[in-house]
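Worksheet for the structure shown next.
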Amino acid sequence: MDKPFLIRPAVLGDASEIVRLVSALAAFIGDAAQATVTEEALGAAWQEPHARWRGFVGEDANGRMVGACLYSFIFSTWRGKPGLYIIDLFVEPDTRGTGLGRDLLAAAARDGRDNGCGFIRLEVDHDNPVAAGFYLKLGFSETTRNRTFSIAADAFQALARTAPKA
């Protein structure tokens, strides 16, 4: 049976639609103000000599982008191998339950495997039990040992200023 969606690697020309999906994800979890990425910033991070992100997008039969899985490569010193960090996985509400999210994640996993990766790491918003259930159903396990911390804006700049000269 044919899949109703085309899954393909993200390209630079997808930036505006990816920004739209990222903004929709932020709004969905109630954090719209945090999604400040622009097409220019996304494009610049994609074009660097070592792209900061990769992704796959899903398009419906009309060519409308209805989902995206964005990720970057990481390295685990504990595991001694590279892995993928899923930055964002989002599927438009009207296409959820179709298998598109799983297919996007599987495409990313295949790319990771083909590049020597052995694991995937991701985060789920506390107020999104449906997403947590989705990942658990796919075989992910929830880790309780680690907590996620973040530093940004002025606090990030202040910390960077305190670094000893190399």
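Please note that chains go A, B, ... in the order of the structure tokens, that every chain numbers its residues from 1, and that ligands are numbered from 1 in the order shown.
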Discussion item. Just want the 10 Å neighbourhood of range 93-97 of chain A, counted on only C-alpha atoms, with same-chain residues fewer than 6 positions away dropped. Output as a PyMOL selection string.
Written reply: chain A and resi 5+24+28+60+66-67
Item to complete: Write out as a ChimeraX atom specification each polymer residue whose atoms come within 10 Å of Gly55 in chain A, counting only C-alpha atoms; drop sequence neighbours fewer than 3 positions from it.
Response: /A:8-11,18,46,68-72,86-89,104-105,107-108,111
Take the residues from that selection and write them out as a PDB file, in the first residue's frame, keeping N, CA and C atoms.
```pdb
ATOM      1  N   ARG A   8      11.038  13.290   2.525  1.00  0.00           N
ATOM      2  CA  ARG A   8      12.263  13.650   1.806  1.00  0.00           C
ATOM      3  C   ARG A   8      13.169  14.461   2.710  1.00  0.00           C
ATOM      4  N   PRO A   9      14.480  14.499   2.388  1.00  0.00           N
ATOM      5  CA  PRO A   9      15.389  15.336   3.176  1.00  0.00           C
ATOM      6  C   PRO A   9      15.014  16.804   3.059  1.00  0.00           C
ATOM      7  N   ALA A  10      15.147  17.517   4.146  1.00  0.00           N
ATOM      8  CA  ALA A  10      14.930  18.965   4.130  1.00  0.00           C
ATOM      9  C   ALA A  10      16.029  19.623   3.309  1.00  0.00           C
ATOM     10  N   VAL A  11      15.655  20.681   2.608  1.00  0.00           N
ATOM     11  CA  VAL A  11      16.616  21.470   1.832  1.00  0.00           C
ATOM     12  C   VAL A  11      16.472  22.937   2.230  1.00  0.00           C
ATOM     13  N   ILE A  18       9.550  25.254   7.387  1.00  0.00           N
ATOM     14  CA  ILE A  18      10.046  24.683   8.638  1.00  0.00           C
ATOM     15  C   ILE A  18       9.848  25.672   9.774  1.00  0.00           C
ATOM     16  N   TRP A  46      22.161  25.877   8.457  1.00  0.00           N
ATOM     17  CA  TRP A  46      22.146  24.730   7.554  1.00  0.00           C
ATOM     18  C   TRP A  46      23.314  24.778   6.579  1.00  0.00           C
ATOM     19  N   ALA A  68       7.701  17.645  10.056  1.00  0.00           N
ATOM     20  CA  ALA A  68       9.155  17.743   9.961  1.00  0.00           C
ATOM     21  C   ALA A  68       9.802  17.093  11.179  1.00  0.00           C
ATOM     22  N   CYS A  69      10.941  16.488  10.937  1.00  0.00           N
ATOM     23  CA  CYS A  69      11.785  15.964  12.007  1.00  0.00           C
ATOM     24  C   CYS A  69      13.159  16.587  11.809  1.00  0.00           C
ATOM     25  N   LEU A  70      13.570  17.429  12.754  1.00  0.00           N
ATOM     26  CA  LEU A  70      14.843  18.136  12.685  1.00  0.00           C
ATOM     27  C   LEU A  70      15.759  17.576  13.759  1.00  0.00           C
ATOM     28  N   TYR A  71      17.039  17.399  13.430  1.00  0.00           N
ATOM     29  CA  TYR A  71      17.957  16.763  14.369  1.00  0.00           C
ATOM     30  C   TYR A  71      19.384  17.229  14.142  1.00  0.00           C
ATOM     31  N   SER A  72      20.228  16.926  15.092  1.00  0.00           N
ATOM     32  CA  SER A  72      21.659  17.179  14.960  1.00  0.00           C
ATOM     33  C   SER A  72      22.416  15.982  15.509  1.00  0.00           C
ATOM     34  N   ILE A  86      17.091  14.681  18.580  1.00  0.00           N
ATOM     35  CA  ILE A  86      15.918  15.168  17.861  1.00  0.00           C
ATOM     36  C   ILE A  86      15.584  16.549  18.421  1.00  0.00           C
ATOM     37  N   ILE A  87      15.738  17.548  17.584  1.00  0.00           N
ATOM     38  CA  ILE A  87      15.473  18.921  17.991  1.00  0.00           C
ATOM     39  C   ILE A  87      13.966  19.156  18.030  1.00  0.00           C
ATOM     40  N   ASP A  88      13.300  18.817  16.937  1.00  0.00           N
ATOM     41  CA  ASP A  88      11.853  18.988  16.832  1.00  0.00           C
ATOM     42  C   ASP A  88      11.282  17.889  15.958  1.00  0.00           C
ATOM     43  N   LEU A  89      10.156  17.352  16.380  1.00  0.00           N
ATOM     44  CA  LEU A  89       9.341  16.477  15.549  1.00  0.00           C
ATOM     45  C   LEU A  89       7.922  17.012  15.680  1.00  0.00           C
ATOM     46  N   LEU A 104       8.846   9.922   9.729  1.00  0.00           N
ATOM     47  CA  LEU A 104       9.863  10.978   9.792  1.00  0.00           C
ATOM     48  C   LEU A 104      10.968  10.602  10.763  1.00  0.00           C
ATOM     49  N   LEU A 105      10.602  10.085  11.917  1.00  0.00           N
ATOM     50  CA  LEU A 105      11.582   9.672  12.922  1.00  0.00           C
ATOM     51  C   LEU A 105      12.411   8.497  12.408  1.00  0.00           C
ATOM     52  N   ALA A 107      13.137   7.867   9.295  1.00  0.00           N
ATOM     53  CA  ALA A 107      14.064   8.390   8.281  1.00  0.00           C
ATOM     54  C   ALA A 107      15.284   9.014   8.953  1.00  0.00           C
ATOM     55  N   ALA A 108      15.058   9.745  10.037  1.00  0.00           N
ATOM     56  CA  ALA A 108      16.181  10.328  10.781  1.00  0.00           C
ATOM     57  C   ALA A 108      17.054   9.223  11.381  1.00  0.00           C
ATOM     58  N   ASP A 111      19.241   7.732   8.734  1.00  0.00           N
ATOM     59  CA  ASP A 111      20.361   8.625   8.432  1.00  0.00           C
ATOM     60  C   ASP A 111      21.411   8.534   9.532  1.00  0.00           C
TER      61      ASP A 111
END
```
Worksheet item: How would you write, as a VMD selection string, the set of residues in chain A that DSSP gives as strand (DSSP E or B)?
Response: chain A and resid 6 to 9 54 to 59 65 to 76 81 to 91 120 to 121
Worksheet, complete the sentence: re CA of Leu12 in chain A and CA of Val57 in chain A: distance 11.8 Å
Worksheet item: Near Glu142 in chain A, counting only C-alpha atoms, which residues have an atom at most 10 Å away, once you skip same-chain residues fewer than 3 positions from it, shown as a ChimeraX atom specification?
Response: /A:122-124,132,135-136,139,145
Discussion item. From the options A:Pro129, A:Ala32, A:Glu39, A:Gly101, which residue's atoms come nearest to Phe56 in chain A, counting only C-alpha atoms?
Written reply: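 Of all the options, A:Gly101 lies closest to Phe56 in chain A.
Shortest separation to Ala26 in chain A among A:Leu159, A:Ser76, A:Asn128, A:Pro82 occurs at residue A:Asn128, atoms counted being only C-alpha atoms.
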Practice prompt. Give me the residues within 9 Å of Leu84 in chain A as a list of chain:residue names, counting only C-alpha atoms and dropping any in the same chain fewer than 5 places off.
Written response: A:Tyr71, A:Ser72, A:Phe73, A:Ile74, A:Phe75, A:Ala108, A:Ala109, A:Gly112, A:Cys117, A:Gly118, A:Phe119, A:Ile120, A:Arg121, A:Leu122
Selected residues, N, CA, C and O atoms, written as a compact mmCIF listing (two decimals), in the first residue's frame, please.
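Now in part.txt:
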```txt
# COMPACT_ATOMS: atom_id res chain seq x y z
N TYR A 71 17.04 17.40 13.43
CA TYR A 71 17.96 16.76 14.37
C TYR A 71 19.38 17.23 14.14
O TYR A 71 19.70 17.85 13.12
N SER A 72 20.23 16.93 15.09
CA SER A 72 21.66 17.18 14.96
C SER A 72 22.42 15.98 15.51
O SER A 72 21.87 15.17 16.26
N PHE A 73 23.66 15.89 15.14
CA PHE A 73 24.50 14.80 15.62
C PHE A 73 25.12 15.20 16.96
O PHE A 73 25.51 16.35 17.15
N ILE A 74 25.20 14.25 17.86
CA ILE A 74 25.82 14.45 19.16
C ILE A 74 26.78 13.29 19.40
O ILE A 74 26.81 12.33 18.62
N PHE A 75 27.57 13.37 20.46
CA PHE A 75 28.47 12.28 20.82
C PHE A 75 28.32 11.99 22.30
O PHE A 75 28.30 12.91 23.12
N ALA A 108 15.06 9.74 10.04
CA ALA A 108 16.18 10.33 10.78
C ALA A 108 17.05 9.22 11.38
O ALA A 108 18.29 9.30 11.33
N ALA A 109 16.41 8.19 11.94
CA ALA A 109 17.17 7.08 12.53
C ALA A 109 18.02 6.38 11.46
O ALA A 109 19.18 6.02 11.72
N GLY A 112 20.96 8.51 10.79
CA GLY A 112 21.90 8.36 11.89
C GLY A 112 22.66 7.06 11.81
O GLY A 112 23.89 7.02 11.94
N CYS A 117 25.73 6.34 13.95
CA CYS A 117 25.07 6.61 15.23
C CYS A 117 24.47 5.32 15.81
O CYS A 117 24.11 4.41 15.07
N GLY A 118 24.36 5.33 17.14
CA GLY A 118 23.82 4.17 17.81
C GLY A 118 22.69 4.46 18.77
O GLY A 118 22.24 3.56 19.48
N PHE A 119 22.24 5.70 18.84
CA PHE A 119 21.15 6.04 19.76
C PHE A 119 20.50 7.35 19.34
O PHE A 119 21.06 8.10 18.53
N ILE A 120 19.33 7.59 19.91
CA ILE A 120 18.60 8.85 19.73
C ILE A 120 18.28 9.40 21.10
O ILE A 120 17.92 8.64 22.00
N ARG A 121 18.42 10.68 21.24
CA ARG A 121 18.03 11.37 22.47
C ARG A 121 17.06 12.49 22.10
O ARG A 121 17.22 13.13 21.06
N LEU A 122 16.07 12.72 22.93
CA LEU A 122 15.12 13.80 22.68
C LEU A 122 14.48 14.20 23.99
O LEU A 122 14.65 13.54 25.01
```
Worksheet item: If you measure from CA of Ala131 in chain A to CA of Asn146 in chain A, what distance in Å do you get, rounded to one decimal?
Response: 18.9 Å
Please return, as an mmCIF file with C-alpha atoms, in the first residue's frame, all residues of chain A that DSSP assigns to helix (DSSP H, G or I) on the basis of the backbone.
```
data_model
loop_
_atom_site.group_PDB
_atom_site.id
_atom_site.type_symbol
_atom_site.label_atom_id
_atom_site.label_comp_id
_atom_site.auth_asym_id
_atom_site.auth_seq_id
_atom_site.Cartn_x
_atom_site.Cartn_y
_atom_site.Cartn_z
ATOM 1 C CA LEU A 12 17.466 25.130 2.222
ATOM 2 C CA GLY A 13 14.376 26.163 0.257
ATOM 3 C CA ASP A 14 12.202 24.591 2.986
ATOM 4 C CA ALA A 15 13.249 27.178 5.584
ATOM 5 C CA SER A 16 10.047 29.220 5.572
ATOM 6 C CA GLU A 17 7.817 26.148 5.926
ATOM 7 C CA ILE A 18 10.046 24.683 8.638
ATOM 8 C CA VAL A 19 9.870 27.966 10.554
ATOM 9 C CA ARG A 20 6.075 27.766 10.224
ATOM 10 C CA LEU A 21 6.043 24.219 11.635
ATOM 11 C CA VAL A 22 8.448 25.078 14.479
ATOM 12 C CA SER A 23 6.244 28.030 15.394
ATOM 13 C CA ALA A 24 3.179 25.778 15.309
ATOM 14 C CA LEU A 25 4.922 23.302 17.624
ATOM 15 C CA ALA A 26 5.823 26.064 20.083
ATOM 16 C CA ALA A 27 2.226 27.318 20.021
ATOM 17 C CA PHE A 28 0.922 23.765 20.482
ATOM 18 C CA ALA A 32 4.872 30.443 21.213
ATOM 19 C CA ALA A 33 7.004 33.349 22.458
ATOM 20 C CA GLN A 34 10.066 31.093 22.667
ATOM 21 C CA GLU A 39 14.331 31.737 7.905
ATOM 22 C CA GLU A 40 17.696 33.480 7.759
ATOM 23 C CA ALA A 41 18.971 31.932 10.991
ATOM 24 C CA LEU A 42 17.764 28.473 10.001
ATOM 25 C CA GLY A 43 19.346 28.841 6.579
ATOM 26 C CA ALA A 44 22.651 30.076 7.969
ATOM 27 C CA ALA A 45 22.865 27.142 10.391
ATOM 28 C CA TRP A 46 22.146 24.730 7.554
ATOM 29 C CA GLN A 47 24.790 26.148 5.184
ATOM 30 C CA PRO A 93 -2.899 18.176 13.779
ATOM 31 C CA ASP A 94 -4.992 17.065 10.791
ATOM 32 C CA THR A 95 -2.378 14.452 9.811
ATOM 33 C CA LEU A 100 3.820 10.324 9.366
ATOM 34 C CA GLY A 101 5.574 11.123 12.665
ATOM 35 C CA ARG A 102 6.901 7.586 12.927
ATOM 36 C CA ASP A 103 8.075 7.647 9.298
ATOM 37 C CA LEU A 104 9.863 10.978 9.792
ATOM 38 C CA LEU A 105 11.582 9.672 12.922
ATOM 39 C CA ALA A 106 12.501 6.418 11.157
ATOM 40 C CA ALA A 107 14.064 8.390 8.281
ATOM 41 C CA ALA A 108 16.181 10.328 10.781
ATOM 42 C CA ALA A 109 17.167 7.076 12.529
ATOM 43 C CA ARG A 110 18.224 5.560 9.204
ATOM 44 C CA ASP A 111 20.361 8.625 8.432
ATOM 45 C CA GLY A 112 21.899 8.362 11.890
ATOM 46 C CA ARG A 113 22.595 4.656 11.500
ATOM 47 C CA ASP A 114 24.154 5.286 8.080
ATOM 48 C CA PRO A 129 1.642 13.141 27.475
ATOM 49 C CA VAL A 130 0.515 12.175 23.970
ATOM 50 C CA ALA A 131 4.038 12.729 22.639
ATOM 51 C CA ALA A 132 5.534 10.815 25.564
ATOM 52 C CA GLY A 133 3.196 7.906 24.824
ATOM 53 C CA PHE A 134 4.145 8.031 21.140
ATOM 54 C CA TYR A 135 7.850 7.668 21.932
ATOM 55 C CA LEU A 136 7.288 4.950 24.534
ATOM 56 C CA LYS A 137 5.238 2.981 21.997
ATOM 57 C CA ALA A 153 20.401 35.409 26.451
ATOM 58 C CA ASP A 154 22.148 37.659 28.993
ATOM 59 C CA ALA A 155 23.057 34.816 31.358
ATOM 60 C CA PHE A 156 24.686 32.901 28.497
ATOM 61 C CA GLN A 157 26.675 35.969 27.436
ATOM 62 C CA ALA A 158 27.744 36.639 31.038
ATOM 63 C CA LEU A 159 29.004 33.082 31.455
ATOM 64 C CA ALA A 160 30.904 33.222 28.162
ATOM 65 C CA ARG A 161 32.636 36.442 29.250
#
```
Worksheet item: Could you name the residues that touch Ala61 in chain A at 7 Å or less, counting only C-alpha atoms, but leaving out those on the same chain fewer than 2 positions away, as a PyMOL selection string?
Response: chain A and resi 4-5+59+63
Selection from above, C-alpha atoms, as a compact mmCIF listing (two decimals), in the first residue's frame, can you write it?
```txt
# COMPACT_ATOMS: atom_id res chain seq x y z
CA PRO A 4 -0.11 9.10 1.62
CA PHE A 5 2.93 11.28 2.30
CA GLU A 59 4.47 16.49 2.26
CA GLY A 63 2.88 19.14 -1.89
```
Discussion item. I'd like the interatomic distance between CA of Trp53 in chain A and CA of Gly83 in chain A, to a tenth of an Å.
Written reply: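 If I compute the distance from CA of Trp53 in chain A to CA of Gly83 in chain A, I get 13.0 Å.
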